[in-house]
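Colleague: Input final.txt, format and content: compact mmCIF, C-alpha atoms and all ligand atoms.
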# COMPACT_ATOMS: atom_id res chain seq x y z
CA MET A 1 6.22 9.90 -17.15
CA LEU A 2 4.35 10.27 -13.82
CA LYS A 3 4.00 14.05 -14.12
CA ASN A 4 0.34 15.15 -13.89
CA GLN A 5 -0.85 11.57 -13.45
CA VAL A 6 -3.37 10.96 -10.68
CA GLY A 7 -2.62 8.55 -7.85
CA ILE A 8 -4.45 7.20 -4.83
CA VAL A 9 -2.20 6.19 -1.92
CA THR A 10 -3.89 4.39 0.96
CA GLY A 11 -2.37 4.47 4.44
CA ALA A 12 -0.64 7.74 3.59
CA SER A 13 -0.84 9.29 7.05
CA ARG A 14 2.49 7.87 8.27
CA GLY A 15 5.22 5.31 7.71
CA ILE A 16 5.68 3.78 4.27
CA GLY A 17 2.53 5.33 2.75
CA LYS A 18 3.57 8.86 3.68
CA ALA A 19 6.99 8.29 2.10
CA ILE A 20 5.27 6.98 -1.06
CA ALA A 21 3.06 10.09 -1.13
CA TYR A 22 6.06 12.41 -0.96
CA LYS A 23 7.96 10.44 -3.62
CA LEU A 24 5.05 10.44 -6.08
CA ALA A 25 4.32 14.12 -5.41
CA GLU A 26 7.99 14.93 -6.12
CA LYS A 27 7.51 13.15 -9.46
CA GLY A 28 4.69 15.62 -10.21
CA MET A 29 1.68 13.41 -9.50
CA LYS A 30 -1.66 14.68 -8.22
CA LEU A 31 -2.58 12.60 -5.19
CA ALA A 32 -5.51 11.42 -3.12
CA LEU A 33 -4.18 10.54 0.33
CA VAL A 34 -6.24 7.99 2.28
CA GLY A 35 -6.19 7.13 5.98
CA SER A 36 -8.78 6.03 8.51
CA SER A 37 -7.99 8.69 11.14
CA ASP A 38 -8.06 12.46 10.74
CA ASP A 39 -4.23 12.45 10.75
CA ILE A 40 -4.56 12.29 6.98
CA HIS A 41 -5.64 15.94 6.92
CA ASN A 42 -2.43 16.91 8.77
CA VAL A 43 -0.39 15.18 6.05
CA GLU A 44 -2.34 17.04 3.37
CA ALA A 45 -1.62 20.35 5.16
CA GLU A 46 2.07 19.46 5.68
CA MET A 47 2.53 18.56 2.02
CA LYS A 48 0.77 21.72 0.85
CA GLU A 49 3.04 23.78 3.10
CA LYS A 50 5.99 22.16 1.34
CA GLY A 51 4.61 23.27 -2.03
CA PHE A 52 2.77 20.12 -3.13
CA ASP A 53 -0.53 21.79 -4.01
CA GLN A 54 -2.18 18.92 -5.85
CA VAL A 55 -2.87 16.65 -2.89
CA LYS A 56 -6.11 15.99 -1.03
CA GLY A 57 -6.73 13.93 2.10
CA TYR A 58 -9.65 11.52 2.46
CA GLN A 59 -10.53 10.05 5.84
CA VAL A 60 -11.71 6.61 4.73
CA ASP A 61 -11.49 3.12 6.23
CA VAL A 62 -10.39 0.92 3.31
CA SER A 63 -12.42 -2.01 4.65
CA GLU A 64 -15.72 -0.13 4.19
CA GLU A 65 -17.20 -0.58 0.72
CA LYS A 66 -19.45 2.49 0.57
CA SER A 67 -16.74 4.85 1.83
CA VAL A 68 -14.16 3.44 -0.61
CA ASP A 69 -16.57 3.70 -3.56
CA ALA A 70 -17.51 7.28 -2.63
CA MET A 71 -13.84 8.28 -2.26
CA VAL A 72 -12.87 6.78 -5.64
CA SER A 73 -15.82 8.49 -7.40
CA THR A 74 -14.91 11.82 -5.84
CA VAL A 75 -11.27 11.42 -6.88
CA ILE A 76 -12.19 10.49 -10.46
CA ASN A 77 -14.61 13.41 -10.76
CA GLY A 78 -12.37 15.90 -8.96
CA PHE A 79 -8.97 15.01 -10.44
CA GLY A 80 -10.33 13.86 -13.81
CA GLY A 81 -9.36 10.20 -13.45
CA VAL A 82 -6.99 7.83 -11.68
CA ASP A 83 -3.82 6.37 -13.16
CA VAL A 84 -2.12 4.68 -10.22
CA LEU A 85 -3.58 3.00 -7.13
CA VAL A 86 -1.17 2.18 -4.32
CA ASN A 87 -2.77 -0.24 -1.86
CA ASN A 88 -0.51 0.40 1.10
CA ALA A 89 -2.88 0.63 4.11
CA GLY A 90 -2.29 -2.30 6.39
CA MET A 91 -1.90 -3.49 9.94
CA GLY A 92 -0.33 -6.44 11.68
CA PHE A 93 0.38 -8.10 14.99
CA PHE A 94 2.48 -11.05 16.04
CA LYS A 95 0.85 -13.54 18.38
CA LEU A 96 0.49 -17.24 18.96
CA VAL A 97 -2.55 -18.71 17.23
CA GLU A 98 -4.19 -19.61 20.54
CA ASP A 99 -3.79 -16.01 21.75
CA THR A 100 -5.37 -14.51 18.61
CA THR A 101 -9.03 -13.57 19.01
CA VAL A 102 -11.62 -13.94 16.27
CA GLU A 103 -12.03 -10.15 16.30
CA GLU A 104 -8.29 -9.62 15.72
CA TRP A 105 -8.28 -12.25 12.94
CA ARG A 106 -11.28 -10.60 11.22
CA ARG A 107 -9.92 -7.08 11.51
CA VAL A 108 -6.53 -7.86 9.96
CA PHE A 109 -8.27 -9.62 7.05
CA ASP A 110 -10.76 -6.74 6.68
CA VAL A 111 -7.99 -4.14 6.38
CA ASN A 112 -5.22 -6.06 4.61
CA VAL A 113 -7.27 -8.21 2.23
CA GLN A 114 -10.76 -6.73 1.90
CA GLY A 115 -9.26 -3.24 1.74
CA VAL A 116 -7.07 -4.22 -1.22
CA PHE A 117 -10.02 -5.93 -2.92
CA LEU A 118 -12.38 -2.96 -2.43
CA CYS A 119 -9.95 -0.25 -3.56
CA SER A 120 -8.88 -2.29 -6.60
CA LYS A 121 -12.48 -3.13 -7.51
CA ALA A 122 -13.49 0.53 -7.26
CA VAL A 123 -10.84 1.81 -9.71
CA LEU A 124 -11.17 -1.03 -12.25
CA PRO A 125 -14.19 0.17 -14.31
CA HIS A 126 -12.47 3.51 -14.85
CA MET A 127 -9.07 1.95 -15.70
CA LYS A 128 -10.72 -0.57 -18.03
CA GLY A 129 -12.59 2.27 -19.74
CA LYS A 130 -9.40 4.11 -20.57
CA LYS A 131 -7.39 0.91 -21.13
CA ALA A 132 -4.61 1.97 -18.78
CA GLY A 133 -3.73 1.98 -15.11
CA THR A 134 -1.35 0.57 -12.54
CA ILE A 135 -2.33 -1.10 -9.27
CA ILE A 136 0.52 -1.61 -6.81
CA THR A 137 -0.02 -3.37 -3.51
CA ILE A 138 2.43 -3.21 -0.63
CA SER A 139 2.31 -6.83 0.39
CA SER A 140 5.22 -8.27 2.39
CA ASP A 141 8.12 -10.68 2.33
CA VAL A 142 5.80 -12.86 4.42
CA GLY A 143 3.52 -13.07 1.39
CA ARG A 144 6.04 -15.59 0.07
CA TYR A 145 7.43 -17.36 3.14
CA THR A 146 6.24 -17.94 6.68
CA ILE A 147 7.46 -16.82 10.09
CA ALA A 148 6.52 -18.01 13.57
CA ASN A 149 3.93 -16.09 15.61
CA GLY A 150 2.59 -14.26 12.58
CA SER A 151 -0.11 -16.59 11.30
CA ALA A 152 -2.91 -14.05 10.87
CA TYR A 153 -0.70 -11.36 9.30
CA THR A 154 1.15 -13.88 7.11
CA ALA A 155 -2.14 -15.37 5.92
CA THR A 156 -3.38 -11.91 4.84
CA LYS A 157 -0.22 -11.28 2.83
CA TYR A 158 -0.39 -14.69 1.10
CA ALA A 159 -4.01 -13.81 0.27
CA VAL A 160 -3.03 -10.44 -1.19
CA GLN A 161 -0.31 -12.10 -3.26
CA GLY A 162 -2.85 -14.53 -4.73
CA PHE A 163 -5.35 -11.75 -5.34
CA SER A 164 -2.82 -9.58 -7.15
CA GLY A 165 -1.51 -12.39 -9.36
CA SER A 166 -4.98 -13.44 -10.40
CA LEU A 167 -6.11 -9.85 -11.02
CA ALA A 168 -2.97 -9.16 -13.08
CA GLN A 169 -3.97 -11.92 -15.48
CA GLU A 170 -7.61 -10.80 -15.54
CA VAL A 171 -6.88 -7.22 -16.59
CA ARG A 172 -3.73 -7.28 -18.72
CA GLU A 173 -5.82 -7.29 -21.90
CA TYR A 174 -7.07 -3.85 -20.80
CA GLY A 175 -3.56 -2.44 -20.48
CA ILE A 176 -3.81 -2.49 -16.68
CA ARG A 177 -0.72 -3.56 -14.72
CA VAL A 178 -0.98 -5.15 -11.28
CA GLY A 179 2.05 -5.86 -9.13
CA THR A 180 3.29 -6.06 -5.55
CA VAL A 181 6.15 -4.53 -3.61
CA ASN A 182 7.24 -6.94 -0.89
CA PRO A 183 9.36 -5.38 1.81
CA GLY A 184 11.18 -7.00 4.66
CA MET A 185 11.65 -5.01 7.87
CA VAL A 186 10.88 -1.31 7.41
CA ASP A 187 11.28 1.41 10.02
CA SER A 188 7.71 2.71 10.41
CA TYR A 189 4.97 2.73 13.03
CA PHE A 190 3.92 -0.82 12.11
CA ASN A 191 2.43 -2.96 14.91
CA ASN A 192 2.30 0.11 17.22
CA SER A 193 6.07 0.54 17.08
CA GLU A 194 8.04 3.77 17.02
CA GLN A 195 9.74 5.12 13.92
CA GLY A 196 13.34 6.28 14.09
CA VAL A 197 14.48 4.32 17.14
CA GLU A 198 18.03 2.96 17.51
CA ASP A 199 16.96 -0.72 17.17
CA LYS A 200 15.69 -0.06 13.65
CA LYS A 201 18.54 2.10 12.39
CA ASP A 202 19.68 -0.48 9.80
CA TRP A 203 16.17 -1.43 8.64
CA LEU A 204 14.73 -0.24 5.33
CA LYS A 205 13.25 3.26 5.32
CA GLY A 206 9.87 4.23 3.87
CA GLU A 207 11.78 6.07 1.13
CA ASP A 208 13.34 2.77 -0.03
CA ILE A 209 9.89 1.31 -0.60
CA ALA A 210 8.72 4.56 -2.20
CA GLU A 211 11.57 4.27 -4.74
CA ALA A 212 10.39 0.78 -5.66
CA VAL A 213 6.80 2.00 -6.09
CA ALA A 214 7.88 4.91 -8.28
CA TYR A 215 10.00 2.55 -10.41
CA MET A 216 7.10 0.15 -10.87
CA ALA A 217 4.61 2.92 -11.66
CA SER A 218 6.90 4.62 -14.17
CA ALA A 219 7.88 1.52 -16.15
CA PRO A 220 7.14 1.80 -19.88
CA LYS A 221 3.52 0.93 -20.71
CA HIS A 222 4.41 -2.36 -22.43
CA MET A 223 6.20 -3.59 -19.29
CA LEU A 224 4.76 -5.21 -16.16
CA ILE A 225 6.96 -5.51 -13.09
CA ASP A 226 5.18 -8.30 -11.22
CA GLU A 227 6.96 -8.02 -7.93
CA ILE A 228 9.79 -6.18 -6.21
CA VAL A 229 11.23 -7.82 -3.10
CA VAL A 230 13.41 -5.68 -0.84
CA HIS A 231 15.13 -6.56 2.43
CA PRO A 232 17.56 -4.75 4.68
CA LEU A 233 20.98 -6.36 4.57
CA VAL A 234 20.77 -7.10 8.30
CA GLN A 235 17.62 -9.22 7.95
CA ASN A 236 18.17 -12.96 8.03
CA TYR A 237 15.53 -14.56 5.79
CA PRO A 238 15.23 -17.61 3.55
CA ILE A 239 16.43 -16.96 -0.02
CA ALA A 240 14.57 -19.10 -2.55
O1 LIG B 1 2.67 0.81 8.94
P1 LIG B 1 2.18 2.10 9.74
P2 LIG B 1 3.60 0.67 7.63
N1 LIG B 1 -8.08 2.28 6.36
O2 LIG B 1 1.45 1.57 10.90
C1 LIG B 1 -3.23 3.27 7.62
C2 LIG B 1 3.35 -3.32 4.94
N2 LIG B 1 4.61 -3.84 5.48
O3 LIG B 1 3.84 1.97 6.99
O4 LIG B 1 -5.73 4.70 9.41
C3 LIG B 1 -7.24 3.20 5.87
O5 LIG B 1 3.33 3.03 9.98
C4 LIG B 1 -2.70 4.07 8.81
O6 LIG B 1 -3.39 5.29 9.02
P3 LIG B 1 -4.64 5.44 10.05
C5 LIG B 1 2.19 -3.35 5.90
O7 LIG B 1 1.60 -4.62 5.99
C6 LIG B 1 5.28 -3.20 6.46
O8 LIG B 1 4.77 -0.17 7.98
O9 LIG B 1 -4.89 6.89 10.12
N3 LIG B 1 -5.98 3.35 6.30
C7 LIG B 1 -1.29 4.38 8.38
O10 LIG B 1 -1.27 5.49 7.52
C8 LIG B 1 1.27 -2.33 5.26
O11 LIG B 1 0.48 -2.93 4.26
C9 LIG B 1 6.47 -3.73 6.96
O12 LIG B 1 -4.19 4.84 11.36
C10 LIG B 1 -5.56 2.52 7.27
C11 LIG B 1 -0.89 3.14 7.59
O13 LIG B 1 -2.10 2.48 7.20
C12 LIG B 1 2.24 -1.33 4.63
O14 LIG B 1 3.51 -1.96 4.61
C13 LIG B 1 6.96 -4.92 6.46
C14 LIG B 1 -6.38 1.54 7.82
C15 LIG B 1 -0.04 2.19 8.40
O15 LIG B 1 1.16 2.81 8.74
C16 LIG B 1 2.36 -0.02 5.36
O16 LIG B 1 2.65 -0.25 6.74
C17 LIG B 1 6.25 -5.55 5.47
C18 LIG B 1 -7.70 1.44 7.33
N4 LIG B 1 -8.56 0.54 7.81
C19 LIG B 1 5.08 -5.01 4.98
N5 LIG B 1 -5.69 0.87 8.78
C20 LIG B 1 7.28 -3.08 8.05
N6 LIG B 1 6.92 -1.89 8.47
O17 LIG B 1 8.27 -3.68 8.51
C21 LIG B 1 -4.45 1.43 8.81
O18 LIG B 1 6.73 -6.72 5.01
N7 LIG B 1 -4.37 2.43 7.91
Please, can you express the file's structure as structure tokens?
Ligand code: NJP
Modeller:
Amino acid sequence: MLKNQVGIVTGASRGIGKAIAYKLAEKGMKLALVGSSDDIHNVEAEMKEKGFDQVKGYQVDVSEEKSVDAMVSTVINGFGGVDVLVNNAGMGFFKLVEDTTVEEWRRVFDVNVQGVFLCSKAVLPHMKGKKAGTIITISSDVGRYTIANGSAYTATKYAVQGFSGSLAQEVREYGIRVGTVNPGMVDSYFNNSEQGVEDKKDWLKGEDIAEAVAYMASAPKHMLIDEIVVHPLVQNYPIA
């Protein structure tokens, strides 16, 4: 089902996004890998070394409109289209409100919310034209409930949840599916942490989230999976 389809995965240079890239490449997808630092080219080289020839890295900040538009045009022209967009790029920090600067507040909204808006907006004319496409955003469990000391990050994920729900309704008549994958605690480099440390050994792995993305993207065309919520068993969280 995903074989030879074209995907864009943002934030693919490490953590969850890199795991998603590997999973979708294993399914036979052709991939544009997006990251804001030049690490993305190392991931492209690493994947090619492992035999995944149909991948290309793009060093693009998802919060910058012109760069996003140029990347999406290049992907559509180069790969012949785009079938799946995975909005995974994101950042976060956990601070008291009074310790959060305006610059920090703006930046997390620029990346987590504006980035999702810009990447989605850029692929929509193409997806509408061919009456097909899937847009999956890696939101968060804190897109549905709140935690202390995470006001800025939590607010971005509530925003993304609202954006995705509204967009899903706007584009379903075009055969375009929009959904979110909402993880709890995942062992990655999130918030400048280390991946693979003892403290996080029972947390979700990037591969767990990648499985959810692949499941959502490969659902039959008549089916929309709105949301997948995944937590590690060790996480204590409110169950609705
Ligand atoms: O984080 P990390 P995760 N433009 O830091 C890229 C959500 N989530 O994998 O730009 C383009 O290991 C960055 O690359 P670079 C979270 O909110 C996580 O955990 O080169 N790319 C890197 O590849 C986020 O939406 C947890 O530095 C940009 C990647 O993003 C998603 O999962 C829990 C960028 C970040 O990798 C992936 O985060 C949860 C930009 N402006 C939700 N800025 C969790 N880990 O526990 C950053 O509920 N990137």
Colleague: Kindly provide, as a count of residues only, all nucleotide and amino acid residues lying within 6 Å of ligand LIG 1 (chain B), counting only C-alpha atoms and all ligand atoms.
Modeller: 34
Colleague: Which residues of stretch 78-185 of chain A sit at most 12 Å from stretch 29-32 of chain A, using only C-alpha atoms? Give each one's shortest atom pair and distance in Å (one decimal place), in chain and ascending residue order, as a tab-separated table.
Modeller:
residue	atom	partner	partner_atom	distance
A:Gly78	CA	A:Ala32	CA	10.1
A:Phe79	CA	A:Lys30	CA	7.6
A:Gly80	CA	A:Lys30	CA	10.3
A:Gly81	CA	A:Lys30	CA	10.3
A:Val82	CA	A:Leu31	CA	9.2
A:Asp83	CA	A:Met29	CA	9.7
A:Val84	CA	A:Leu31	CA	9.4
A:Leu85	CA	A:Ala32	CA	9.5
A:Val86	CA	A:Ala32	CA	10.3
Colleague: Go through A:Phe163, A:Tyr22, A:Phe109, A:Tyr145 and flag the residue nearest A:Val55, using all atoms listed in the file for the distances.
Modeller: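 Using all atoms listed in the file, A:Val55 sits closest to A:Tyr22.
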Colleague: May I ask for the distance between atom CA of A:Asp226 and atom CA of A:Met1, given in Å to one decimal place?
Modeller: 19.2 Å
Colleague: Which residue, A:Ser73, A:Asn192, A:Ser166, A:Gln161, has the smallest gap to A:Arg144 when you use only C-alpha atoms?
Modeller: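 Of the candidates, the smallest distance to A:Arg144 is held by A:Gln161.
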Colleague: Ranking A:Thr146, A:Thr134, A:Thr101, A:Asn87 by minimum distance to A:Ser218 and counting only C-alpha atoms, which one comes first?
Modeller: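 Smallest separation from A:Ser218 among the options: A:Thr134.
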Colleague: Calculate how many Å separate atom CA of A:Ala122 from atom CA of A:Asp208, rounding to one decimal.
Modeller: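 We find that atom CA of A:Ala122 and atom CA of A:Asp208 lie 27.9 Å from each other.
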Colleague: Mind checking which residues fall within 8 Å of stretch 177-180 of chain A, counting all atoms listed in the file, ignoring those fewer than 6 positions away in the same chain, and posting them as a ChimeraX atom specification?
Modeller: /A:132-139,161,164-165,167-168,171,224-228
